[in-house]
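Dropping coords_35.tsv in here (TSV, C-alpha atoms):
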chain	number	residue	atom	x	y	z
A	1301	PRO	CA	136.01	204.76	230.55
A	1302	PRO	CA	136.53	206.14	227.04
A	1303	PHE	CA	133.69	205.60	224.60
A	1304	TRP	CA	135.88	203.34	222.44
A	1305	ASP	CA	136.22	200.81	225.31
A	1306	THR	CA	132.54	200.60	226.23
A	1307	PRO	CA	130.23	197.67	225.37
A	1308	LEU	CA	127.97	200.12	223.55
A	1309	ASN	CA	130.72	200.87	221.05
A	1310	GLN	CA	131.27	197.14	220.53
A	1311	GLY	CA	127.55	196.73	219.89
A	1312	LEU	CA	127.76	199.56	217.36
A	1313	SER	CA	130.56	197.70	215.59
A	1314	VAL	CA	128.40	194.57	215.39
A	1315	PHE	CA	125.55	196.63	213.92
A	1316	VAL	CA	127.90	198.08	211.27
A	1317	GLY	CA	129.04	194.56	210.34
A	1318	LEU	CA	125.47	193.31	209.98
A	1319	ALA	CA	124.58	196.33	207.84
A	1320	LEU	CA	127.53	195.55	205.57
A	1321	CYS	CA	126.40	191.91	205.18
A	1322	THR	CA	122.88	193.06	204.29
A	1323	THR	CA	124.26	195.48	201.70
A	1324	MET	CA	126.46	192.86	200.07
A	1325	LEU	CA	123.60	190.35	200.06
A	1326	GLY	CA	121.47	192.88	198.20
A	1327	LEU	CA	124.32	193.56	195.81
A	1328	GLY	CA	124.51	189.85	194.98
A	1329	CYS	CA	120.75	189.79	194.41
A	1330	THR	CA	121.14	192.29	191.55
A	1331	VAL	CA	123.42	189.99	189.53
A	1332	GLU	CA	121.96	187.65	186.93
A	1333	LEU	CA	124.42	185.09	185.65
A	1334	SER	CA	123.10	185.19	182.06
A	1335	GLN	CA	123.52	188.97	181.79
A	1336	LEU	CA	126.86	188.82	183.60
A	1337	GLY	CA	128.24	186.40	181.02
A	1338	GLY	CA	126.99	188.57	178.17
A	1339	GLN	CA	128.57	191.71	179.61
A	1340	LEU	CA	131.90	189.99	180.23
A	1341	GLY	CA	131.92	189.03	176.54
A	1342	GLY	CA	132.25	192.76	175.73
A	1343	PRO	CA	134.02	194.10	178.81
A	1344	VAL	CA	133.25	197.81	178.41
A	1345	GLY	CA	131.47	197.85	181.76
A	1346	VAL	CA	134.42	196.21	183.54
A	1347	LEU	CA	136.85	198.69	181.98
A	1348	LEU	CA	134.66	201.63	183.00
A	1349	ALA	CA	134.39	200.27	186.54
A	1350	LEU	CA	138.18	199.96	186.71
A	1351	LEU	CA	138.77	203.51	185.48
A	1352	CYS	CA	136.00	205.14	187.50
A	1353	GLN	CA	136.43	203.45	190.87
A	1354	PHE	CA	140.19	202.83	191.02
A	1355	VAL	CA	141.66	205.61	188.89
A	1356	ILE	CA	139.34	208.63	189.01
A	1357	MET	CA	137.87	208.46	192.53
A	1358	PRO	CA	141.12	207.68	194.43
A	1359	LEU	CA	142.84	210.49	192.54
A	1360	VAL	CA	139.97	212.89	193.34
A	1361	ALA	CA	140.14	211.94	197.04
A	1362	PHE	CA	143.92	212.37	197.10
A	1363	LEU	CA	143.82	215.78	195.41
A	1364	LEU	CA	141.06	217.05	197.72
A	1365	ALA	CA	142.96	215.86	200.79
A	1366	LEU	CA	146.05	217.73	199.63
A	1367	LEU	CA	144.12	220.81	198.53
A	1368	PHE	CA	142.41	221.25	201.91
A	1369	ALA	CA	145.53	220.18	203.88
A	1370	LEU	CA	143.74	217.47	205.85
A	1371	ASP	CA	145.49	215.81	208.75
A	1372	GLU	CA	146.47	212.15	208.48
A	1373	VAL	CA	143.31	210.79	210.14
A	1374	ALA	CA	140.91	212.74	207.94
A	1375	ALA	CA	143.06	212.07	204.86
A	1376	VAL	CA	142.98	208.30	205.44
A	1377	ALA	CA	139.20	208.38	205.88
A	1378	VAL	CA	138.81	210.37	202.64
A	1379	LEU	CA	141.23	208.11	200.75
A	1380	LEU	CA	139.49	204.97	201.98
A	1381	CYS	CA	136.12	206.30	200.82
A	1382	GLY	CA	137.59	207.22	197.44
A	1383	CYS	CA	139.12	203.76	197.00
A	1384	CYS	CA	135.87	201.93	197.79
A	1385	PRO	CA	133.90	200.18	195.01
A	1386	GLY	CA	130.52	201.38	193.81
A	1387	GLY	CA	127.44	201.03	195.98
A	1388	ASN	CA	123.96	199.74	195.19
A	1389	LEU	CA	122.49	203.23	195.58
A	1390	SER	CA	123.72	203.90	192.05
A	1391	ASN	CA	121.50	201.09	190.72
A	1392	LEU	CA	118.41	202.77	192.14
A	1393	MET	CA	119.42	206.19	190.84
A	1394	SER	CA	120.19	204.79	187.38
A	1395	LEU	CA	116.71	203.31	187.29
A	1396	LEU	CA	115.18	206.71	188.13
A	1397	VAL	CA	116.99	208.45	185.24
A	1398	ASN	CA	116.22	205.72	182.67
A	1399	GLY	CA	119.82	204.56	182.61
A	1400	ASP	CA	121.31	201.32	181.36
A	1401	MET	CA	120.57	198.92	184.22
A	1402	ASN	CA	122.73	196.12	182.82
A	1403	LEU	CA	125.70	198.47	182.66
A	1404	SER	CA	124.99	199.77	186.17
A	1405	ILE	CA	124.85	196.28	187.69
A	1406	ILE	CA	127.96	195.02	185.91
A	1407	MET	CA	129.93	198.11	186.98
A	1408	THR	CA	128.89	197.72	190.62
A	1409	ALA	CA	129.56	193.97	190.71
A	1410	SER	CA	132.88	194.11	188.86
A	1411	SER	CA	134.19	197.03	190.95
A	1412	THR	CA	133.37	195.06	194.11
A	1413	LEU	CA	135.39	192.09	192.86
A	1414	LEU	CA	138.27	194.27	191.63
A	1415	ALA	CA	138.36	195.94	195.06
A	1416	LEU	CA	139.78	192.75	196.58
A	1417	LEU	CA	143.13	193.63	195.02
A	1418	LEU	CA	142.96	197.24	193.90
A	1419	MET	CA	141.45	198.86	197.00
A	1420	PRO	CA	144.37	198.00	199.36
A	1421	LEU	CA	146.82	198.82	196.55
A	1422	CYS	CA	145.32	202.28	195.90
A	1423	LEU	CA	145.13	202.98	199.63
A	1424	TRP	CA	148.80	202.07	200.07
A	1425	ILE	CA	149.92	204.16	197.07
A	1426	TYR	CA	148.05	207.36	197.93
A	1427	SER	CA	148.73	207.20	201.69
A	1428	ARG	CA	152.48	207.55	201.08
A	1429	ALA	CA	152.08	211.32	201.37
A	1430	TRP	CA	151.36	210.83	205.11
A	1431	ILE	CA	153.88	208.02	205.67
A	1432	ASN	CA	155.53	209.75	208.63
A	1433	THR	CA	152.36	209.65	210.74
A	1434	PRO	CA	151.52	206.86	213.23
A	1435	LEU	CA	148.19	206.02	211.60
A	1436	VAL	CA	149.68	205.41	208.15
A	1437	GLN	CA	152.60	203.46	209.59
A	1438	LEU	CA	150.08	201.17	211.31
A	1439	LEU	CA	147.81	201.02	208.25
A	1440	PRO	CA	145.94	197.68	208.61
A	1441	LEU	CA	146.02	196.62	204.95
A	1442	GLY	CA	145.76	192.95	205.93
A	1443	ALA	CA	142.60	193.58	207.94
A	1444	VAL	CA	141.18	195.65	205.07
A	1445	SER	CA	141.79	192.76	202.64
A	1446	LEU	CA	140.26	190.29	205.08
A	1447	THR	CA	137.14	192.46	205.41
A	1448	LEU	CA	136.85	192.65	201.63
A	1449	CYS	CA	137.18	188.87	201.30
A	1450	SER	CA	134.49	188.35	203.94
A	1451	THR	CA	132.00	190.17	201.69
A	1452	LEU	CA	132.27	187.45	199.05
A	1453	LEU	CA	130.07	185.09	201.06
A	1454	PRO	CA	126.93	187.30	201.22
A	1455	ILE	CA	127.48	188.31	197.58
A	1456	GLY	CA	127.62	184.64	196.53
A	1457	VAL	CA	124.50	183.87	198.56
A	1458	GLY	CA	122.69	186.77	196.87
A	1459	VAL	CA	123.67	185.53	193.40
A	1460	PHE	CA	122.43	182.04	194.30
A	1461	ILE	CA	119.10	183.41	195.59
A	1462	ARG	CA	118.63	185.42	192.37
A	1463	TYR	CA	119.32	182.27	190.35
A	1464	LYS	CA	116.88	180.12	192.34
A	1465	CYS	CA	114.10	182.49	193.45
A	1466	THR	CA	113.62	185.87	191.78
A	1467	ARG	CA	110.88	187.09	194.13
A	1468	VAL	CA	112.97	186.55	197.24
A	1469	ALA	CA	115.91	188.30	195.56
A	1470	ASP	CA	113.73	191.33	194.75
A	1471	PHE	CA	112.56	191.51	198.36
A	1472	LEU	CA	116.09	191.28	199.74
A	1473	LEU	CA	117.22	193.97	197.30
A	1474	LYS	CA	114.60	196.35	198.70
A	1475	VAL	CA	115.68	195.48	202.24
A	1476	SER	CA	119.31	196.25	201.42
A	1477	LEU	CA	118.40	199.63	199.94
A	1478	TRP	CA	116.40	200.55	203.04
A	1479	SER	CA	119.25	199.34	205.25
A	1480	LEU	CA	121.40	202.17	203.90
A	1481	LEU	CA	118.96	204.77	205.20
A	1482	VAL	CA	118.43	202.94	208.50
A	1483	THR	CA	122.18	202.58	209.02
A	1484	LEU	CA	122.80	206.28	208.46
A	1485	VAL	CA	120.01	207.38	210.80
A	1486	LEU	CA	120.89	204.97	213.60
A	1487	LEU	CA	124.62	205.68	213.46
A	1488	PHE	CA	124.00	209.41	213.66
A	1489	ILE	CA	121.50	209.05	216.50
A	1490	LEU	CA	123.57	206.59	218.55
A	1491	THR	CA	126.89	208.35	218.03
A	1492	GLY	CA	125.41	211.78	218.59
A	1493	THR	CA	123.64	210.62	221.75
A	1494	MET	CA	126.73	208.96	223.21
A	1495	LEU	CA	129.29	211.59	222.26
A	1496	GLY	CA	127.07	214.63	222.27
A	1497	PRO	CA	127.11	217.64	219.90
A	1498	ASP	CA	130.85	217.97	220.39
A	1499	LEU	CA	131.30	215.09	217.91
A	1500	LEU	CA	130.17	217.04	214.85
A	1501	ALA	CA	131.94	220.13	216.13
A	1502	SER	CA	135.20	218.18	216.40
A	1503	ILE	CA	135.13	217.42	212.67
A	1504	PRO	CA	136.92	220.25	210.78
A	1505	ALA	CA	134.94	222.36	208.32
A	1506	SER	CA	137.30	221.30	205.54
A	1507	VAL	CA	136.12	217.70	205.94
A	1508	TYR	CA	132.51	218.80	205.35
A	1509	ILE	CA	133.60	220.66	202.21
A	1510	VAL	CA	135.47	217.58	200.94
A	1511	ALA	CA	132.39	215.43	201.61
A	1512	LEU	CA	130.36	217.92	199.56
A	1513	LEU	CA	132.75	218.24	196.61
A	1514	MET	CA	133.92	214.65	196.29
A	1515	PRO	CA	130.69	213.04	194.98
A	1516	LEU	CA	130.07	216.05	192.75
A	1517	ALA	CA	133.52	215.66	191.20
A	1518	GLY	CA	132.83	211.94	190.77
A	1519	TYR	CA	129.56	212.55	188.91
A	1520	ALA	CA	131.20	215.11	186.60
A	1521	SER	CA	134.28	212.94	185.95
A	1522	GLY	CA	132.16	209.88	185.19
A	1523	TYR	CA	130.06	211.80	182.69
A	1524	GLY	CA	133.20	213.13	181.03
A	1525	LEU	CA	134.70	209.64	180.80
A	1526	ALA	CA	131.53	208.26	179.23
A	1527	THR	CA	131.66	211.11	176.70
A	1528	LEU	CA	135.21	210.11	175.75
A	1529	PHE	CA	133.93	206.57	175.14
A	1530	HIS	CA	131.17	208.00	172.87
A	1531	LEU	CA	128.44	206.28	174.87
A	1532	PRO	CA	124.75	207.12	174.32
A	1533	PRO	CA	123.07	209.57	176.75
A	1534	HIS	CA	121.43	206.94	178.98
A	1535	CYS	CA	124.81	205.21	179.42
A	1536	LYS	CA	126.46	208.55	180.25
A	1537	ARG	CA	123.98	209.08	183.06
A	1538	THR	CA	124.65	205.57	184.33
A	1539	VAL	CA	128.45	205.91	184.35
A	1540	SER	CA	128.16	209.30	186.04
A	1541	LEU	CA	126.09	207.91	188.92
A	1542	GLU	CA	128.25	204.80	189.22
A	1543	THR	CA	131.35	206.93	189.61
A	1544	GLY	CA	130.05	209.26	192.31
A	1545	CYS	CA	128.12	206.70	194.39
A	1546	GLN	CA	130.50	204.84	196.72
A	1547	ASN	CA	129.85	201.85	198.97
A	1548	VAL	CA	129.72	203.85	202.21
A	1549	GLN	CA	128.63	200.83	204.26
A	1550	LEU	CA	131.86	199.06	203.33
A	1551	CYS	CA	133.93	202.17	204.10
A	1552	THR	CA	132.23	202.64	207.48
A	1553	ALA	CA	132.75	198.98	208.39
A	1554	ILE	CA	136.45	199.09	207.49
A	1555	LEU	CA	137.04	202.29	209.47
A	1556	LYS	CA	135.07	200.98	212.43
A	1557	LEU	CA	136.31	197.39	212.54
A	1558	THR	CA	139.91	197.44	211.29
A	1559	PHE	CA	141.46	200.74	212.39
A	1560	PRO	CA	142.51	201.44	215.99
A	1561	PRO	CA	139.56	203.33	217.52
A	1562	HIS	CA	141.75	205.66	219.61
A	1563	LEU	CA	143.53	206.76	216.40
A	1564	ILE	CA	140.63	206.99	213.95
A	1565	GLY	CA	138.43	208.81	216.48
A	1566	SER	CA	135.29	210.37	215.03
A	1567	MET	CA	136.51	210.15	211.44
A	1568	TYR	CA	134.52	206.97	210.90
A	1569	MET	CA	131.66	209.45	210.48
A	1570	PHE	CA	133.12	210.73	207.18
A	1571	PRO	CA	131.49	207.98	205.04
A	1572	LEU	CA	128.16	208.92	206.61
A	1573	LEU	CA	128.67	212.55	205.67
A	1574	TYR	CA	129.66	211.45	202.17
A	1575	ALA	CA	126.52	209.30	201.95
A	1576	ILE	CA	124.32	212.28	202.81
A	1577	PHE	CA	125.89	214.50	200.18
A	1578	GLN	CA	126.07	211.81	197.49
A	1579	ALA	CA	122.37	211.00	197.98
A	1580	ALA	CA	121.38	214.68	197.98
A	1581	GLU	CA	123.37	215.47	194.85
A	1582	ALA	CA	122.13	212.34	193.07
A	1583	GLY	CA	118.60	213.35	194.06
A	1584	LEU	CA	119.14	216.74	192.41
A	1585	PHE	CA	120.49	214.89	189.36
A	1586	VAL	CA	117.28	212.86	189.20
A	1587	LEU	CA	115.09	215.93	189.77
A	1588	VAL	CA	116.73	217.89	186.95
A	1589	TYR	CA	116.35	214.90	184.65
A	1590	LYS	CA	112.66	214.50	185.54
A	1591	MET	CA	112.05	218.18	184.83
A	1592	TYR	CA	114.09	218.67	181.65
A	1593	GLY	CA	115.81	215.55	180.40
A	1594	ARG	CA	112.65	213.47	180.31
A	1595	LYS	CA	111.20	215.73	177.60
A	1596	LEU	CA	114.25	215.11	175.44
A	1597	HIS	CA	113.94	211.38	176.12
A	1598	LYS	CA	110.28	211.44	174.99
A	1599	GLN	CA	111.17	213.51	171.93
A	1600	ASP	CA	113.82	210.99	170.93
A	1601	THR	CA	111.28	208.19	171.39
A	1602	LEU	CA	108.72	210.04	169.24
A	1603	ASN	CA	111.31	210.64	166.53
A	1604	GLU	CA	112.10	206.94	166.53
A	1605	ASP	CA	108.36	206.16	166.25
A	1606	GLU	CA	107.97	208.63	163.36
A	1607	ASP	CA	110.90	207.06	161.56
A	1608	THR	CA	109.32	203.67	162.09
A	1609	ASP	CA	105.95	204.92	160.74
A	1610	ILE	CA	107.59	206.42	157.63
A	1611	SER	CA	109.52	203.25	156.91
A	1612	TYR	CA	106.37	201.23	157.50
A	1613	LYS	CA	104.41	203.37	155.04
A	1614	LYS	CA	107.15	202.97	152.43
A	1615	LEU	CA	107.12	199.25	153.00
A	1616	LYS	CA	103.34	199.14	152.54
A	1617	GLU	CA	103.58	201.15	149.32
A	1618	GLU	CA	106.23	198.80	148.00
A	1619	GLU	CA	104.05	195.83	148.90
A	1620	MET	CA	101.05	197.41	147.13
A	1621	ALA	CA	103.17	198.09	144.07
A	1622	ASP	CA	104.43	194.52	144.01
A	1623	THR	CA	100.92	193.15	144.45
A	1624	SER	CA	99.40	195.35	141.73
A	1625	TYR	CA	102.01	194.29	139.15
A	1626	GLY	CA	100.40	192.06	136.50
A	1627	THR	CA	96.82	192.55	137.73
A	1628	VAL	CA	93.96	193.84	135.62
A	1629	THR	CA	91.89	196.79	136.77
A	1630	THR	CA	88.15	197.22	136.10
A	1631	GLU	CA	88.65	199.80	133.34
A	1632	GLU	CA	91.25	197.65	131.59
A	1633	HIS	CA	88.89	194.66	131.82
A	1634	ASN	CA	86.00	196.63	130.22
A	1635	SER	CA	88.24	197.91	127.42
A	1636	ILE	CA	89.38	194.37	126.66
A	1637	LEU	CA	85.76	193.23	126.40
A	1638	MET	CA	84.85	196.16	124.06
A	1639	GLU	CA	87.66	195.54	121.58
A	1640	PRO	CA	86.27	192.23	120.21
A	1641	ALA	CA	82.83	193.84	119.86
A	1642	GLN	CA	84.24	196.71	117.80
A	1643	THR	CA	86.14	194.26	115.61
A	1644	ALA	CA	82.95	192.30	114.94
A	1645	LEU	CA	81.07	195.41	113.94
Could the structure of this file be written out as structure tokens, please?
Amino acid sequence: PPFWDTPLNQGLSVFVGLALCTTMLGLGCTVELSQLGGQLGGPVGVLLALLCQFVIMPLVAFLLALLFALDEVAAVAVLLCGCCPGGNLSNLMSLLVNGDMNLSIIMTASSTLLALLLMPLCLWIYSRAWINTPLVQLLPLGAVSLTLCSTLLPIGVGVFIRYKCTRVADFLLKVSLWSLLVTLVLLFILTGTMLGPDLLASIPASVYIVALLMPLAGYASGYGLATLFHLPPHCKRTVSLETGCQNVQLCTAILKLTFPPHLIGSMYMFPLLYAIFQAAEAGLFVLVYKMYGRKLHKQDTLNEDEDTDISYKKLKEEEMADTSYGTVTTEEHNSILMEPAQTAL
């Protein structure tokens, strides 16, 4: 029988669903209610998440699909990945480049919540270019929305665990980050073993190029958007990583669980290709920062310390001047004592 009808494929679908639940649980464990309320009071992070994840990335995916003339199956996979919210990989990368962790977490969490409405809407809008194809005509937007709603439960559990027990939340966060790597490796091994080397050969070269360029364009666009908002350098790095890092577990689960397997074929592998390139490019981002940007960060810190020392010295001088006002020095005291003696003589 075809691979799509075998029990092994059904087991692979169950594994993808469990990996998605683990990822969303870890995402909930990053959210602290006190910081969330403070960020929502000045919703710059929510606005950036809206612009980055549901304006820039879907448009980038759409333009790349048109530029490389992808067929409807590959185009839908690319569009779905571009319409996904941010992933928790960006939180780890932001930490490695000394980014704004509060901004990173609020962008990831808010984009996940906004995806409940905006992800199916963006997918419907941008897929109109392939409306005459069977896959787009059967586009399971209802199943996509249902999958998105099902992620609210593990996210809520993660937020509750963070609120009640911080140590357990930190452990689950590490587990969710490792689950990304384990999911990628196992999916490649299992799919490659069952379908053979013909699987990767059946994916067009243009799809590999799109998977390479798409996260790179996201990183560059996010940095440019943060520059327009006049954000400080550490916030620019954060917005850049948040834009390019997509929730590939969610994209893989939607492609694997909601689309007809005989139509989507091997294109559920595109999010895995995207994950490889987004991690590699983000790793280069971190490496360049560690080699060059860290020196600038230290120099800025030293300049701040020098400014603090100068202001502290001025403050001490002012305190000494205020303290010495009205006091009598030793020489003045001796001269005062000599004046009555001279008068007596």
Å distance separating CA of Ile1509 in chain A from CA of Ala1365 in chain A, one decimal place: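 Going from CA of Ile1509 in chain A over to CA of Ala1365 in chain A, I get 10.6 Å.
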Atom-to-atom span, CA of Leu1423 in chain A and CA of Val1510 in chain A, Å: 17.6 Å
Using all atoms listed in the file: which of A:Gln1578, A:Thr1538, A:Ser1313, A:Ser1404 has the shortest distance to Leu1513 in chain A: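 Using all atoms listed in the file, Leu1513 in chain A sits closest to A:Gln1578.
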Give me the box for range 1360-1379 of chain A as AutoDock Vina command-line options, namely the centre and edge lengths in Å to one decimal of a box along x, y and z that holds every listed atom plus 5 Å on each side.
--center_x 142.6 --center_y 214.7 --center_z 201.7 --size_x 17.7 --size_y 23.1 --size_z 26.8
For range 1453-1462 of chain A: contacts at 12 Å, all atoms listed in the file, fewer than 5 positions along chain excluded, given as number ranges by chain: A: 1317-1334, 1336, 1408-1410, 1412-1413, 1447-1448, 1467-1473, 1476
Point-to-point distance in Å for CA of Val1344 in chain A and CA of Ile1405 in chain A: 12.6 Å
Distance criterion (only C-alpha atoms): nearest to Gly1593 in chain A out of A:Gly1345, A:Gly1399, A:Pro1504, A:Gly1544: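 Comparing A:Gly1345, A:Gly1399, A:Pro1504, A:Gly1544 against Gly1593 in chain A, the winner is A:Gly1399.
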Within 10 Å of Gly1524 in chain A using only C-alpha atoms, minus same-chain residues under 4 positions, as a PyMOL selection string: chain A and resi 1518-1520+1528-1530+1536+1539-1540
Minimum-distance residue to Ala1443 in chain A, chosen among A:Ala1361, A:Ala1553, A:Leu1484, A:Ala1429 (using all atoms listed in the file):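 Answer, going by the shortest atom-to-atom distance: A:Ala1553.
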How about completing range 1379-1388 of chain A with all heavy atoms and giving it to me as a compact mmCIF listing (two decimals), in the frame of the given file?
# COMPACT_ATOMS: atom_id res chain seq x y z
N LEU A 1379 140.62 209.03 201.72
CA LEU A 1379 141.23 208.11 200.75
C LEU A 1379 140.51 206.77 200.74
O LEU A 1379 140.28 206.19 199.66
CB LEU A 1379 142.71 207.92 201.07
CG LEU A 1379 143.65 209.08 200.76
CD1 LEU A 1379 145.06 208.74 201.24
CD2 LEU A 1379 143.65 209.39 199.27
N LEU A 1380 140.17 206.26 201.91
CA LEU A 1380 139.49 204.97 201.98
C LEU A 1380 138.13 205.04 201.30
O LEU A 1380 137.74 204.11 200.57
CB LEU A 1380 139.34 204.55 203.43
CG LEU A 1380 138.76 203.16 203.66
CD1 LEU A 1380 139.68 202.09 203.11
CD2 LEU A 1380 138.50 202.92 205.15
N CYS A 1381 137.42 206.13 201.49
CA CYS A 1381 136.12 206.30 200.82
C CYS A 1381 136.29 206.41 199.31
O CYS A 1381 135.49 205.87 198.54
CB CYS A 1381 135.42 207.53 201.38
SG CYS A 1381 133.70 207.72 200.85
N GLY A 1382 137.34 207.09 198.87
CA GLY A 1382 137.59 207.22 197.44
C GLY A 1382 138.02 205.93 196.79
O GLY A 1382 137.79 205.73 195.59
N CYS A 1383 138.66 205.03 197.56
CA CYS A 1383 139.12 203.76 197.00
C CYS A 1383 138.07 202.66 197.06
O CYS A 1383 138.32 201.55 196.58
CB CYS A 1383 140.37 203.28 197.76
SG CYS A 1383 141.80 204.36 197.58
N CYS A 1384 136.92 202.94 197.67
CA CYS A 1384 135.87 201.93 197.79
C CYS A 1384 135.21 201.66 196.43
O CYS A 1384 135.20 202.53 195.55
CB CYS A 1384 134.80 202.40 198.77
SG CYS A 1384 135.20 202.06 200.50
N PRO A 1385 134.65 200.46 196.24
CA PRO A 1385 133.90 200.18 195.01
C PRO A 1385 132.55 200.90 195.00
O PRO A 1385 132.19 201.58 195.97
CB PRO A 1385 133.72 198.66 195.06
CG PRO A 1385 133.75 198.33 196.51
CD PRO A 1385 134.72 199.30 197.13
N GLY A 1386 131.83 200.75 193.93
CA GLY A 1386 130.52 201.38 193.81
C GLY A 1386 129.49 200.74 194.72
O GLY A 1386 129.59 199.56 195.07
N GLY A 1387 128.50 201.52 195.12
CA GLY A 1387 127.44 201.03 195.98
C GLY A 1387 126.16 200.78 195.22
O GLY A 1387 125.99 201.22 194.08
N ASN A 1388 125.22 200.06 195.88
CA ASN A 1388 123.96 199.74 195.19
C ASN A 1388 123.00 200.91 195.13
O ASN A 1388 121.94 200.80 194.50
CB ASN A 1388 123.29 198.53 195.86
CG ASN A 1388 123.12 198.71 197.36
OD1 ASN A 1388 123.44 199.77 197.90
ND2 ASN A 1388 122.64 197.68 198.03
